[in-house]
file run-v7.cif (mmCIF, C-alpha atoms)
data_run
#
loop_
_atom_site.label_atom_id
_atom_site.label_comp_id
_atom_site.auth_asym_id
_atom_site.auth_seq_id
_atom_site.Cartn_x
_atom_site.Cartn_y
_atom_site.Cartn_z
CA MET A 1400 -4.25 23.06 1.57
CA SER A 1401 -1.18 25.06 0.68
CA ALA A 1402 -0.36 26.00 4.28
CA TYR A 1403 0.30 23.15 6.71
CA VAL A 1404 -3.03 22.11 8.21
CA PRO A 1405 -2.58 20.70 11.73
CA SER A 1406 -3.34 16.97 11.77
CA VAL A 1407 -6.03 17.15 14.46
CA GLU A 1408 -7.96 19.59 12.26
CA LEU A 1409 -8.13 16.88 9.60
CA ILE A 1410 -10.14 14.58 11.86
CA PRO A 1411 -13.62 16.14 11.43
CA ARG A 1412 -13.05 16.17 7.68
CA ILE A 1413 -11.99 12.52 7.77
CA GLU A 1414 -15.19 11.68 9.63
CA ARG A 1415 -17.15 13.33 6.83
CA GLY A 1416 -15.35 11.00 4.43
CA GLU A 1417 -13.30 13.73 2.71
CA ILE A 1418 -10.77 11.87 0.57
CA HIS A 1419 -8.17 14.63 0.55
CA ALA A 1420 -8.02 14.73 4.35
CA ILE A 1421 -7.95 10.93 4.63
CA ALA A 1422 -5.09 10.73 2.14
CA ARG A 1423 -3.12 13.49 3.85
CA LEU A 1424 -3.24 11.96 7.33
CA ILE A 1425 -2.16 8.60 5.88
CA SER A 1426 0.83 10.36 4.25
CA ARG A 1427 1.82 11.91 7.55
CA ALA A 1428 1.53 8.54 9.31
CA GLU A 1429 3.72 7.04 6.61
CA ALA A 1430 6.30 9.79 6.99
CA GLY A 1431 6.31 9.27 10.75
CA ILE A 1432 5.70 12.98 11.40
CA PRO A 1433 5.59 13.43 15.19
CA GLU A 1434 2.96 16.18 14.85
CA ALA A 1435 0.52 13.59 13.47
CA ARG A 1436 0.76 11.21 16.42
CA ALA A 1437 -1.85 12.92 18.58
CA ALA A 1438 -4.31 12.87 15.69
CA LEU A 1439 -3.60 9.20 14.94
CA ALA A 1440 -4.16 8.44 18.61
CA GLN A 1441 -7.62 10.02 18.40
CA VAL A 1442 -8.33 8.12 15.21
CA TYR A 1443 -7.39 4.80 16.81
CA ARG A 1444 -9.66 5.36 19.80
CA ARG A 1445 -12.64 6.05 17.58
CA ALA A 1446 -12.03 3.39 14.92
CA GLY A 1447 -12.88 -0.32 15.10
CA ARG A 1448 -16.08 -0.54 13.10
CA SER A 1449 -14.87 -1.81 9.74
CA HIS A 1450 -14.35 -5.37 8.58
CA VAL A 1451 -10.61 -5.64 7.91
CA ILE A 1452 -9.86 -8.28 5.29
CA GLY A 1453 -6.26 -9.34 4.72
CA ILE A 1454 -5.32 -10.81 1.35
CA THR A 1455 -1.96 -12.53 1.07
CA GLY A 1456 -0.20 -14.96 -1.24
CA VAL A 1457 2.89 -15.51 -3.35
CA PRO A 1458 3.87 -12.98 -6.05
CA GLY A 1459 1.83 -13.47 -9.18
CA SER A 1460 -0.90 -15.47 -7.45
CA GLY A 1461 -3.43 -12.89 -8.62
CA LYS A 1462 -3.98 -10.89 -5.43
CA SER A 1463 -4.46 -7.47 -7.02
CA THR A 1464 -6.88 -8.71 -9.67
CA LEU A 1465 -8.77 -10.62 -7.01
CA VAL A 1466 -8.94 -7.54 -4.77
CA ALA A 1467 -10.41 -5.57 -7.68
CA THR A 1468 -13.14 -8.16 -8.23
CA LEU A 1469 -13.82 -8.48 -4.51
CA ALA A 1470 -14.09 -4.70 -4.14
CA ALA A 1471 -16.53 -4.50 -7.06
CA ARG A 1472 -18.68 -7.22 -5.45
CA LEU A 1473 -18.69 -5.47 -2.08
CA ARG A 1474 -19.58 -2.19 -3.79
CA ALA A 1475 -22.53 -3.89 -5.48
CA ARG A 1476 -23.83 -4.67 -1.99
CA GLY A 1477 -23.56 -1.01 -1.05
CA SER A 1478 -20.39 -1.15 1.06
CA LYS A 1479 -17.75 1.56 0.85
CA VAL A 1480 -14.43 -0.17 0.25
CA GLY A 1481 -10.95 0.99 1.24
CA ILE A 1482 -7.90 -0.77 -0.17
CA VAL A 1483 -4.34 -0.56 1.12
CA ALA A 1484 -2.04 -2.29 -1.35
CA VAL A 1485 1.52 -2.93 -0.21
CA ASP A 1486 4.37 -3.40 -2.68
CA PRO A 1487 8.10 -3.89 -1.95
CA SER A 1488 10.68 -1.09 -1.76
CA SER A 1489 14.02 -1.64 -3.41
CA PRO A 1490 16.58 -2.78 -0.84
CA TYR A 1491 19.18 -0.83 -2.85
CA SER A 1492 17.71 2.58 -3.64
CA GLY A 1493 14.80 2.56 -1.19
CA GLY A 1494 12.52 3.47 -4.07
CA ALA A 1495 9.53 1.51 -5.27
CA ILE A 1496 7.25 1.03 -8.23
CA LEU A 1497 3.72 0.57 -6.96
CA GLY A 1498 1.75 -1.19 -9.64
CA ASP A 1499 -1.30 -2.62 -7.88
CA ARG A 1500 -3.53 0.23 -9.09
CA ILE A 1501 -3.15 -0.89 -12.69
CA ARG A 1502 -5.02 -4.12 -11.96
CA MET A 1503 -7.74 -2.17 -10.20
CA SER A 1504 -8.44 0.30 -13.01
CA ASP A 1505 -12.10 -0.71 -13.29
CA LEU A 1506 -12.61 0.82 -9.85
CA ALA A 1507 -10.99 4.12 -10.80
CA GLY A 1508 -14.16 6.12 -11.38
CA ASP A 1509 -15.98 4.95 -8.23
CA ALA A 1510 -16.15 7.47 -5.38
CA GLY A 1511 -17.01 4.65 -2.95
CA VAL A 1512 -13.63 3.03 -3.40
CA TYR A 1513 -10.39 4.40 -1.99
CA ILE A 1514 -7.12 2.82 -3.12
CA ARG A 1515 -3.81 3.59 -1.46
CA SER A 1516 -0.51 2.14 -2.63
CA MET A 1517 2.14 1.77 0.03
CA ALA A 1518 5.79 0.74 -0.17
CA THR A 1519 7.34 -1.45 2.54
CA HIS A 1520 10.30 0.89 3.17
CA GLY A 1521 12.31 -1.94 4.62
CA ALA A 1522 9.61 -3.43 6.84
CA MET A 1523 9.54 -7.23 6.80
CA GLY A 1524 6.52 -9.42 7.36
CA GLY A 1525 4.44 -8.41 4.35
CA LEU A 1526 3.09 -5.06 5.61
CA ALA A 1527 4.45 -1.52 5.80
CA GLN A 1528 4.88 0.30 9.11
CA ALA A 1529 1.98 2.67 8.48
CA THR A 1530 -0.42 0.08 7.03
CA LEU A 1531 -2.39 -0.25 10.23
CA ASP A 1532 -2.55 3.52 10.76
CA ALA A 1533 -3.98 3.78 7.24
CA VAL A 1534 -6.60 1.15 8.11
CA ASP A 1535 -7.65 3.16 11.18
CA VAL A 1536 -7.96 6.36 9.16
CA LEU A 1537 -10.13 4.62 6.54
CA ASP A 1538 -12.18 3.06 9.32
CA LEU A 1539 -12.95 6.49 10.76
CA GLY A 1540 -13.57 7.74 7.22
CA GLY A 1541 -16.59 5.46 6.96
CA PHE A 1542 -15.27 2.60 4.88
CA ASP A 1543 -17.25 -0.54 5.73
CA ALA A 1544 -14.74 -3.02 4.38
CA ILE A 1545 -11.01 -2.42 4.31
CA ILE A 1546 -8.89 -4.75 2.23
CA ILE A 1547 -5.18 -5.01 2.97
CA GLU A 1548 -3.23 -6.55 0.12
CA THR A 1549 0.20 -7.66 1.35
CA VAL A 1550 3.34 -7.74 -0.75
CA GLY A 1551 3.79 -10.99 -2.61
CA VAL A 1552 5.04 -13.15 0.24
CA GLY A 1553 7.05 -16.30 0.63
CA GLN A 1554 6.26 -18.82 3.32
CA ASP A 1555 7.03 -16.91 6.46
CA GLU A 1556 5.50 -13.45 6.23
CA VAL A 1557 2.45 -13.95 8.39
CA GLU A 1558 1.93 -10.55 10.03
CA ILE A 1559 -1.31 -10.07 8.14
CA ALA A 1560 -3.00 -12.68 10.36
CA LYS A 1561 -2.38 -10.40 13.34
CA ALA A 1562 -3.60 -7.34 11.52
CA SER A 1563 -6.88 -8.42 9.93
CA ASP A 1564 -10.27 -9.68 11.13
CA THR A 1565 -10.36 -12.21 8.31
CA THR A 1566 -7.23 -13.51 6.61
CA VAL A 1567 -7.48 -14.84 3.08
CA VAL A 1568 -4.58 -16.83 1.62
CA VAL A 1569 -4.47 -16.98 -2.16
CA SER A 1570 -2.73 -19.93 -3.80
CA ALA A 1571 -2.19 -20.22 -7.52
CA PRO A 1572 -2.36 -23.57 -9.27
CA GLY A 1573 0.82 -25.33 -10.25
CA LEU A 1574 3.17 -24.05 -7.58
CA GLY A 1575 3.76 -27.10 -5.44
CA ASP A 1576 2.58 -30.47 -4.25
CA GLU A 1577 0.81 -31.69 -1.14
CA VAL A 1578 4.00 -31.44 0.92
CA GLN A 1579 4.12 -27.69 0.30
CA ALA A 1580 0.60 -27.62 1.64
CA ILE A 1581 1.44 -29.16 5.02
CA LYS A 1582 4.45 -26.95 5.70
CA ALA A 1583 4.25 -24.49 8.56
CA GLY A 1584 3.78 -20.79 7.92
CA MET A 1585 1.55 -19.03 5.50
CA LEU A 1586 -0.95 -21.79 4.90
CA GLU A 1587 -1.66 -22.04 8.62
CA ILE A 1588 -2.90 -18.50 8.98
CA ALA A 1589 -5.80 -18.70 6.54
CA ASP A 1590 -9.37 -18.17 7.66
CA ILE A 1591 -10.31 -18.66 4.03
CA HIS A 1592 -8.22 -20.43 1.39
CA LEU A 1593 -8.66 -19.34 -2.20
CA VAL A 1594 -7.23 -21.04 -5.24
CA SER A 1595 -7.03 -18.38 -7.94
CA LYS A 1596 -7.10 -18.85 -11.70
CA CYS A 1597 -9.46 -21.80 -11.22
CA ASP A 1598 -10.28 -21.77 -14.91
CA ARG A 1599 -6.93 -23.53 -15.34
CA SER A 1600 -6.95 -27.29 -15.60
CA ASP A 1601 -4.45 -27.89 -12.77
CA ALA A 1602 -6.48 -25.85 -10.25
CA ASN A 1603 -8.37 -28.93 -9.06
CA ARG A 1604 -5.13 -30.53 -7.95
CA THR A 1605 -4.29 -27.50 -5.78
CA LEU A 1606 -7.83 -27.43 -4.35
CA THR A 1607 -7.56 -31.11 -3.43
CA ASP A 1608 -4.10 -30.71 -1.85
CA LEU A 1609 -5.30 -27.83 0.32
CA LYS A 1610 -8.47 -29.63 1.38
CA GLN A 1611 -6.48 -32.70 2.34
CA MET A 1612 -4.01 -30.61 4.30
CA LEU A 1613 -6.92 -29.19 6.28
CA THR A 1614 -8.44 -32.61 7.08
CA LEU A 1615 -5.07 -33.87 8.36
CA GLY A 1616 -5.16 -31.19 11.01
CA ALA A 1617 -8.80 -31.71 11.95
CA GLN A 1618 -8.11 -33.04 15.44
CA THR A 1619 -5.43 -30.53 16.40
CA ALA A 1620 -6.72 -27.46 14.63
CA ALA A 1621 -5.90 -24.17 16.30
CA LYS A 1622 -9.25 -22.74 15.25
CA PRO A 1623 -11.87 -25.39 16.04
CA GLU A 1624 -14.78 -22.90 15.98
CA TRP A 1625 -14.27 -22.08 12.33
CA ARG A 1626 -13.91 -24.53 9.48
CA THR A 1627 -11.53 -22.96 6.98
CA PRO A 1628 -13.12 -23.27 3.55
CA VAL A 1629 -11.15 -23.86 0.36
CA ILE A 1630 -12.69 -22.04 -2.58
CA GLY A 1631 -11.66 -21.92 -6.22
CA VAL A 1632 -12.10 -18.49 -7.80
CA CYS A 1633 -11.54 -16.88 -11.16
CA SER A 1634 -11.28 -13.10 -10.94
CA PHE A 1635 -12.07 -12.51 -14.61
CA THR A 1636 -15.27 -14.54 -14.81
CA GLY A 1637 -16.30 -13.99 -11.19
CA GLN A 1638 -16.55 -17.74 -10.64
CA GLY A 1639 -16.49 -18.68 -6.96
CA PHE A 1640 -17.00 -15.15 -5.66
CA ASP A 1641 -20.54 -15.79 -4.35
CA GLU A 1642 -19.12 -18.55 -2.19
CA PHE A 1643 -16.16 -16.35 -1.21
CA LEU A 1644 -18.44 -13.48 -0.09
CA THR A 1645 -20.61 -15.89 1.89
CA ALA A 1646 -17.48 -17.23 3.60
CA LEU A 1647 -16.31 -13.69 4.43
CA GLU A 1648 -19.65 -12.87 6.02
CA GLY A 1649 -19.73 -16.21 7.80
CA HIS A 1650 -16.30 -15.61 9.29
CA ARG A 1651 -17.23 -12.13 10.35
CA GLY A 1652 -20.38 -13.47 11.99
CA ALA A 1653 -18.37 -16.15 13.79
CA SER A 1654 -16.06 -13.43 15.16
CA GLN A 1655 -18.66 -11.01 16.53
CA ASN A 1656 -19.55 -11.32 20.20
CA THR A 1657 -17.88 -14.70 20.44
CA ASP A 1658 -14.88 -15.94 22.39
CA ILE A 1659 -12.96 -16.68 19.22
CA GLY A 1660 -13.56 -13.10 18.09
CA ARG A 1661 -12.46 -11.60 21.40
CA ARG A 1662 -9.31 -13.72 21.40
CA ARG A 1663 -8.55 -12.64 17.85
CA ARG A 1664 -9.00 -8.96 18.66
CA LEU A 1665 -6.82 -9.29 21.74
CA ALA A 1666 -4.10 -10.94 19.65
CA ILE A 1667 -4.38 -8.12 17.11
CA ALA A 1668 -4.05 -5.51 19.87
CA ALA A 1669 -1.07 -7.32 21.42
CA PHE A 1670 0.65 -7.46 18.05
CA ARG A 1671 0.00 -3.77 17.42
CA LEU A 1672 1.44 -2.89 20.80
CA GLN A 1673 4.52 -5.02 20.28
CA LYS A 1674 5.13 -3.64 16.77
CA THR A 1675 4.72 -0.05 17.86
CA ALA A 1676 7.05 -0.53 20.81
CA GLU A 1677 9.63 -2.19 18.56
CA ASN A 1678 9.46 0.68 16.10
CA LEU A 1679 9.84 3.28 18.84
CA LEU A 1680 12.78 1.38 20.28
CA ILE A 1681 14.49 1.04 16.90
CA GLU A 1682 13.96 4.73 16.20
CA ARG A 1683 15.46 5.72 19.58
CA PHE A 1684 18.34 3.29 19.26
CA THR A 1685 19.19 4.22 15.67
CA GLN A 1686 19.41 7.91 16.57
CA ALA A 1687 21.31 7.39 19.80
CA ALA A 1688 23.76 4.85 18.40
CA ALA A 1689 24.61 6.81 15.25
CA GLY A 1690 27.80 8.29 16.70
CA LEU A 1691 29.11 5.14 18.37
CA ARG A 1692 28.27 2.64 15.65
CA PRO A 1693 31.29 3.30 13.34
CA VAL A 1694 33.67 3.05 16.30
CA PHE A 1695 32.18 -0.24 17.43
CA ALA A 1696 32.11 -1.56 13.87
CA GLU A 1697 35.80 -0.79 13.51
CA ARG A 1698 36.57 -2.74 16.69
CA LEU A 1699 34.53 -5.61 15.32
CA ARG A 1700 36.41 -5.48 12.02
CA LEU A 1701 39.72 -5.74 13.88
CA ARG A 1702 38.27 -8.68 15.84
CA GLU A 1703 39.13 -6.97 19.12
CA SER A 1704 35.79 -8.13 20.39
CA ASP A 1705 32.82 -10.16 19.23
CA PRO A 1706 29.41 -9.17 17.82
CA TYR A 1707 27.42 -10.25 20.86
CA SER A 1708 29.54 -8.31 23.40
CA LEU A 1709 29.78 -5.18 21.26
CA ALA A 1710 26.06 -5.18 20.51
CA THR A 1711 25.29 -5.53 24.20
CA ASP A 1712 27.61 -2.59 24.98
CA LEU A 1713 26.15 -0.50 22.15
CA LEU A 1714 22.63 -1.11 23.42
CA ALA A 1715 23.63 -0.24 26.97
CA ALA A 1716 25.37 2.96 25.85
CA SER A 1717 22.54 4.07 23.57
CA LEU A 1718 19.42 3.33 25.59
CA LYS A 1719 20.36 4.80 28.93
CA MET B 1379 11.97 7.69 9.07
CA ARG B 1380 12.23 9.83 5.96
CA GLN B 1381 9.36 9.55 3.53
CA PRO B 1382 10.43 9.28 -0.13
CA ILE B 1383 8.94 11.63 -2.69
CA ARG B 1384 5.71 10.12 -4.05
CA VAL B 1385 5.05 10.42 -7.77
CA LEU B 1386 2.08 9.36 -9.88
CA LEU B 1387 3.05 8.80 -13.50
CA ALA B 1388 0.04 8.81 -15.78
CA LYS B 1389 -0.81 8.12 -19.38
CA VAL B 1390 -3.97 9.85 -20.54
CA GLY B 1391 -6.18 9.20 -23.53
CA LEU B 1392 -5.57 7.19 -26.67
CA ASP B 1393 -1.80 7.07 -26.36
CA GLY B 1394 -0.29 3.61 -26.25
CA HIS B 1395 3.36 4.63 -26.08
CA ASP B 1396 4.57 3.78 -22.59
CA ARG B 1397 8.22 2.93 -23.11
CA GLY B 1398 9.27 6.44 -22.07
CA VAL B 1399 7.09 6.60 -18.97
CA LYS B 1400 8.40 3.21 -17.85
CA VAL B 1401 12.00 4.40 -18.22
CA VAL B 1402 11.12 7.45 -16.13
CA ALA B 1403 9.42 5.24 -13.52
CA ARG B 1404 12.51 3.10 -13.24
CA THR B 1405 14.78 6.17 -13.05
CA LEU B 1406 12.76 7.69 -10.22
CA ARG B 1407 12.61 4.37 -8.37
CA ASP B 1408 16.37 4.09 -8.59
CA ALA B 1409 16.60 7.60 -7.15
CA GLY B 1410 14.69 6.34 -4.11
CA MET B 1411 11.22 7.66 -4.92
CA ASP B 1412 7.88 5.85 -4.55
CA VAL B 1413 6.42 5.68 -8.03
CA ILE B 1414 2.83 4.80 -8.80
CA TYR B 1415 2.08 4.07 -12.44
CA SER B 1416 -1.48 4.52 -13.66
CA GLY B 1417 -1.33 2.22 -16.66
CA LEU B 1418 -2.47 3.21 -20.15
CA HIS B 1419 -5.60 4.97 -21.43
CA ARG B 1420 -6.73 6.75 -18.27
CA THR B 1421 -9.13 9.70 -18.24
CA PRO B 1422 -8.24 13.05 -16.63
CA GLU B 1423 -10.90 12.29 -13.98
CA GLU B 1424 -9.27 8.96 -13.09
CA VAL B 1425 -5.81 10.48 -12.94
CA VAL B 1426 -6.83 13.37 -10.70
CA SER B 1427 -8.79 11.08 -8.41
CA ALA B 1428 -5.82 8.69 -8.13
CA ALA B 1429 -3.45 11.59 -7.39
CA ILE B 1430 -5.68 12.73 -4.53
CA GLN B 1431 -6.18 9.23 -3.08
CA GLU B 1432 -2.48 8.50 -3.24
CA ASP B 1433 -1.63 12.01 -1.98
CA VAL B 1434 1.36 12.19 -4.30
CA ASP B 1435 3.78 15.10 -4.29
CA VAL B 1436 4.06 15.12 -8.07
CA LEU B 1437 1.67 14.19 -10.87
CA GLY B 1438 3.65 13.48 -14.03
CA VAL B 1439 1.64 13.19 -17.22
CA SER B 1440 3.35 11.60 -20.21
CA LEU B 1441 1.95 12.55 -23.59
CA LEU B 1442 3.15 11.47 -27.01
CA SER B 1443 -0.14 11.97 -28.80
CA GLY B 1444 -0.22 15.76 -29.17
CA VAL B 1445 -3.30 16.36 -27.02
CA GLN B 1446 -1.57 18.32 -24.23
CA LEU B 1447 -3.63 21.47 -24.77
CA THR B 1448 -6.81 19.42 -24.33
CA VAL B 1449 -5.74 17.24 -21.41
CA PHE B 1450 -4.04 19.73 -19.09
CA PRO B 1451 -6.88 22.29 -18.95
CA LYS B 1452 -9.17 19.42 -17.91
CA ILE B 1453 -6.75 18.32 -15.20
CA PHE B 1454 -6.43 21.86 -13.81
CA LYS B 1455 -10.19 22.34 -13.89
CA LEU B 1456 -10.76 19.12 -11.94
CA LEU B 1457 -8.11 20.07 -9.37
CA ALA B 1458 -9.63 23.53 -8.94
CA ASP B 1459 -13.11 22.02 -8.50
CA LYS B 1460 -11.78 19.77 -5.75
CA GLY B 1461 -9.84 22.57 -4.07
CA ILE B 1462 -6.41 21.02 -4.61
CA ASN B 1463 -3.62 23.57 -4.86
CA ASP B 1464 -0.50 21.83 -3.55
CA LEU B 1465 -0.02 19.19 -6.21
CA ILE B 1466 3.01 19.68 -8.46
CA ILE B 1467 2.16 19.01 -12.10
CA VAL B 1468 4.88 18.01 -14.54
CA ALA B 1469 4.47 17.17 -18.22
CA GLY B 1470 6.66 14.87 -20.24
CA GLY B 1471 6.92 13.67 -23.78
CA VAL B 1472 7.15 15.21 -27.21
CA MET B 1473 5.47 18.52 -28.03
CA PRO B 1474 6.04 21.82 -29.84
CA ASP B 1475 7.86 24.66 -28.04
CA GLU B 1476 4.83 26.97 -28.20
CA ASP B 1477 2.78 24.35 -26.32
CA VAL B 1478 5.43 24.28 -23.58
CA VAL B 1479 4.88 28.03 -23.10
CA GLU B 1480 1.10 27.50 -22.96
CA LEU B 1481 1.38 24.67 -20.40
CA LYS B 1482 3.59 26.73 -18.11
CA LYS B 1483 1.07 29.58 -18.25
CA MET B 1484 -1.60 27.10 -17.21
CA GLY B 1485 0.37 26.07 -14.12
CA VAL B 1486 2.49 23.12 -15.23
CA SER B 1487 5.66 23.42 -13.14
CA GLU B 1488 8.05 21.88 -15.64
CA VAL B 1489 7.87 20.30 -19.06
CA LEU B 1490 10.48 17.58 -19.51
CA LEU B 1491 10.86 16.80 -23.19
CA GLN B 1492 12.17 13.63 -24.77
CA ASP B 1493 15.84 14.62 -24.63
CA THR B 1494 15.90 15.31 -20.86
CA PRO B 1495 18.70 13.28 -19.20
CA PRO B 1496 17.50 10.96 -16.40
CA ASP B 1497 19.40 12.77 -13.63
CA ALA B 1498 17.87 16.08 -14.72
CA ILE B 1499 14.39 14.56 -14.18
CA VAL B 1500 15.38 13.46 -10.68
CA LYS B 1501 16.88 16.87 -9.85
CA THR B 1502 13.88 18.74 -11.18
CA LEU B 1503 11.37 16.77 -9.10
CA THR B 1504 13.53 16.94 -5.99
CA ARG B 1505 13.84 20.72 -6.38
CA LEU B 1506 10.12 21.25 -6.98
CA VAL B 1507 9.16 19.26 -3.88
CA ALA B 1508 11.76 21.08 -1.77
CA GLU B 1509 10.44 24.45 -2.98
CA ARG B 1510 6.87 23.49 -2.06
CA GLY B 1511 7.92 22.63 1.50
CA PRO B 1512 6.19 20.37 4.04
CA ARG B 1513 2.44 19.86 3.82
#
call {"tool": "encode", "arguments": {"input": "run-v7.cif", "output": "structure tokens"}}
result
Amino acid sequence: MSAYVPSVELIPRIERGEIHAIARLISRAEAGIPEARAALAQVYRRAGRSHVIGITGVPGSGKSTLVATLAARLRARGSKVGIVAVDPSSPYSGGAILGDRIRMSDLAGDAGVYIRSMATHGAMGGLAQATLDAVDVLDLGGFDAIIIETVGVGQDEVEIAKASDTTVVVSAPGLGDEVQAIKAGMLEIADIHLVSKCDRSDANRTLTDLKQMLTLGAQTAAKPEWRTPVIGVCSFTGQGFDEFLTALEGHRGASQNTDIGRRRRLAIAAFRLQKTAENLLIERFTQAAAGLRPVFAERLRLRESDPYSLATDLLAASLK
Amino acid sequence: MRQPIRVLLAKVGLDGHDRGVKVVARTLRDAGMDVIYSGLHRTPEEVVSAAIQEDVDVLGVSLLSGVQLTVFPKIFKLLADKGINDLIIVAGGVMPDEDVVELKKMGVSEVLLQDTPPDAIVKTLTRLVAERGPR
């Protein structure tokens, strides 16, 4: 492919599972190349078959290692597995070091596994802008399970719940007490709770805290049709993974042709629509406001006006 | 949205010296590039397959073990077998001058030896990607 191959011509090759074509369309989605939009539109319309599994958790909780073990287990069952691993971009240089592949090196020789590293490029919320486009492309490329590994998140980056069929929250032992466990945010979004590194002696404490947190909410749970399991796993020994895989299948089963599943897919679609609209709006605004912004900023610096008024004027002037 | 240059930095074979490649990774990151690091002891097959999956602009192979004339022919053979012809290959590390000539004949775009200043690495990669054009 030395000459530029039009994106729509990549689609038949993607459907045949050609890795080079899959990778190239994902790159173009990531670069936001307008030429690729028509192709991505076609991809979206035809995708929707794969089981999208979101894996999230704090930095160092063992997500990448866990994804590697999970992928190997799914492979053993004959599934093709796509992985999109998101790592942070530097807020200073915009660059990134994407290191998730290192933990997945056992999968390197397997043609049934596709791993893509993706930098956030300033996106908040735990995902990158093109993550969901990448998922669609892999879906059309015949990958049965697609694992999204978010950046290491804090307590508030919960976008993954609106981007995956099944959301798995990974907690590591020793990072907090039972009050951490009842806080709002990340712990609420789990369809499956995992406690990683469960060969450690303090893992039982974390398992107990999480289980108690879930019983406290039993009467008011947002997801009454599904009982969120709490499972201890160890990615090196494989301990707990049988139970984890059973839970994944159980959750998928509970989401197919059921009301809870339809509601979830509608929420995912609504989120996708909102995100895409926001991105388009930001893109339009950023371009249109480029000339006026320094002038307005200068007026703000001199305190001739206030941020709210100037921002309102800038929006009005830019988005006519 | 401008997409940063994507680079895969790889260590191949029985070569455990990764201080240099980590310095390069950091340098490229600070220049705003997306850098994927393979980790140590990879095979040519793994490196080529990762480069294709990640669709990087540049594959940089760091070698301090003297096996460049074994490793690079394998990499080029694998790329040819898979029909890949728009991947920029750069070598780095310590090697004799006559090997540099051999590698360039093979299709390595640049060989950046141990005394290359950081900003020269950045400029070289930026130039090579610009010369290749959009893809």
call {"tool": "resolve_selection", "arguments": {"input": "run-v7.cif", "expression": "the PyMOL selection byres ((chain B) within 8 of (chain A))", "output": "PyMOL selection string"}}
result
chain B and resi 1379-1382+1403-1404+1406-1417+1423-1424+1427-1428+1430-1433+1461-1464+1512-1513
call {"tool": "resolve_selection", "arguments": {"input": "run-v7.cif", "expression": "the PyMOL selection byres ((chain B and resi 1502-1507) around 12)", "output": "JSON, numbers by chain"}}
result
{"B": [1382, 1383, 1384, 1385, 1386, 1402, 1405, 1406, 1409, 1410, 1411, 1434, 1435, 1436, 1437, 1438, 1464, 1465, 1466, 1467, 1468, 1469, 1486, 1487, 1488, 1489, 1490, 1494, 1495, 1496, 1497, 1498, 1499, 1500, 1501, 1508, 1509, 1510, 1511, 1512, 1513]}
call {"tool": "resolve_selection", "arguments": {"input": "run-v7.cif", "expression": "the PyMOL selection byres ((chain A and resi 1552) around 12)", "output": "PyMOL selection string"}}
result
chain A and resi 1454-1460+1462+1485-1487+1523-1526+1548-1551+1553-1559+1568-1570+1584-1586
call {"tool": "atom_distance", "arguments": {"input": "run-v7.cif", "atom1": "CA of Asp1477 in chain B", "atom2": "CA of Gly1444 in chain B"}}
result
9.5 Å
call {"tool": "residues_around", "arguments": {"input": "run-v7.cif", "residues": "Ala1715 in chain A", "least_positions_apart": "4", "cutoff": "12 Å", "atoms": "all atoms listed in the file", "output": "ChimeraX atom specification"}}
result
/A:1684,1687-1688,1691,1708-1711,1719
call {"tool": "atom_distance", "arguments": {"input": "run-v7.cif", "atom1": "CA of Pro1628 in chain A", "atom2": "CA of Ala1589 in chain A"}}
result
9.1 Å
call {"tool": "closest_residue", "arguments": {"input": "run-v7.cif", "among": "A:Leu1644, A:Leu1718, A:Ala1529, A:Met1612", "to": "Arg1472 in chain A", "atoms": "all atoms listed in the file"}}
result
A:Leu1644
call {"tool": "atom_distance", "arguments": {"input": "run-v7.cif", "atom1": "CA of Gly1481 in chain A", "atom2": "CA of Arg1664 in chain A"}}
result
20.2 Å
call {"tool": "residues_near_point", "arguments": {"input": "run-v7.cif", "point": "(-12.2, 13.7, 12.6)", "cutoff": "12 Å", "atoms": "only C-alpha atoms", "output": "compact mmCIF listing (two decimals) with C-alpha atoms, in the frame of the given file"}}
result
# COMPACT_ATOMS: atom_id res chain seq x y z
CA PRO A 1405 -2.58 20.70 11.73
CA SER A 1406 -3.34 16.97 11.77
CA VAL A 1407 -6.03 17.15 14.46
CA GLU A 1408 -7.96 19.59 12.26
CA LEU A 1409 -8.13 16.88 9.60
CA ILE A 1410 -10.14 14.58 11.86
CA PRO A 1411 -13.62 16.14 11.43
CA ARG A 1412 -13.05 16.17 7.68
CA ILE A 1413 -11.99 12.52 7.77
CA GLU A 1414 -15.19 11.68 9.63
CA ARG A 1415 -17.15 13.33 6.83
CA GLY A 1416 -15.35 11.00 4.43
CA GLU A 1417 -13.30 13.73 2.71
CA ALA A 1420 -8.02 14.73 4.35
CA ILE A 1421 -7.95 10.93 4.63
CA LEU A 1424 -3.24 11.96 7.33
CA ALA A 1437 -1.85 12.92 18.58
CA ALA A 1438 -4.31 12.87 15.69
CA LEU A 1439 -3.60 9.20 14.94
CA ALA A 1440 -4.16 8.44 18.61
CA GLN A 1441 -7.62 10.02 18.40
CA VAL A 1442 -8.33 8.12 15.21
CA TYR A 1443 -7.39 4.80 16.81
CA ARG A 1444 -9.66 5.36 19.80
CA ARG A 1445 -12.64 6.05 17.58
CA ALA A 1446 -12.03 3.39 14.92
CA ASP A 1535 -7.65 3.16 11.18
CA VAL A 1536 -7.96 6.36 9.16
CA LEU A 1537 -10.13 4.62 6.54
CA ASP A 1538 -12.18 3.06 9.32
CA LEU A 1539 -12.95 6.49 10.76
CA GLY A 1540 -13.57 7.74 7.22
CA GLY A 1541 -16.59 5.46 6.96
call {"tool": "residues_near_point", "arguments": {"input": "run-v7.cif", "point": "(35.1, 0.9, 16.1)", "cutoff": "12 Å", "atoms": "only C-alpha atoms", "output": "ChimeraX atom specification"}}
result
/A:1690-1706,1709-1710,1713
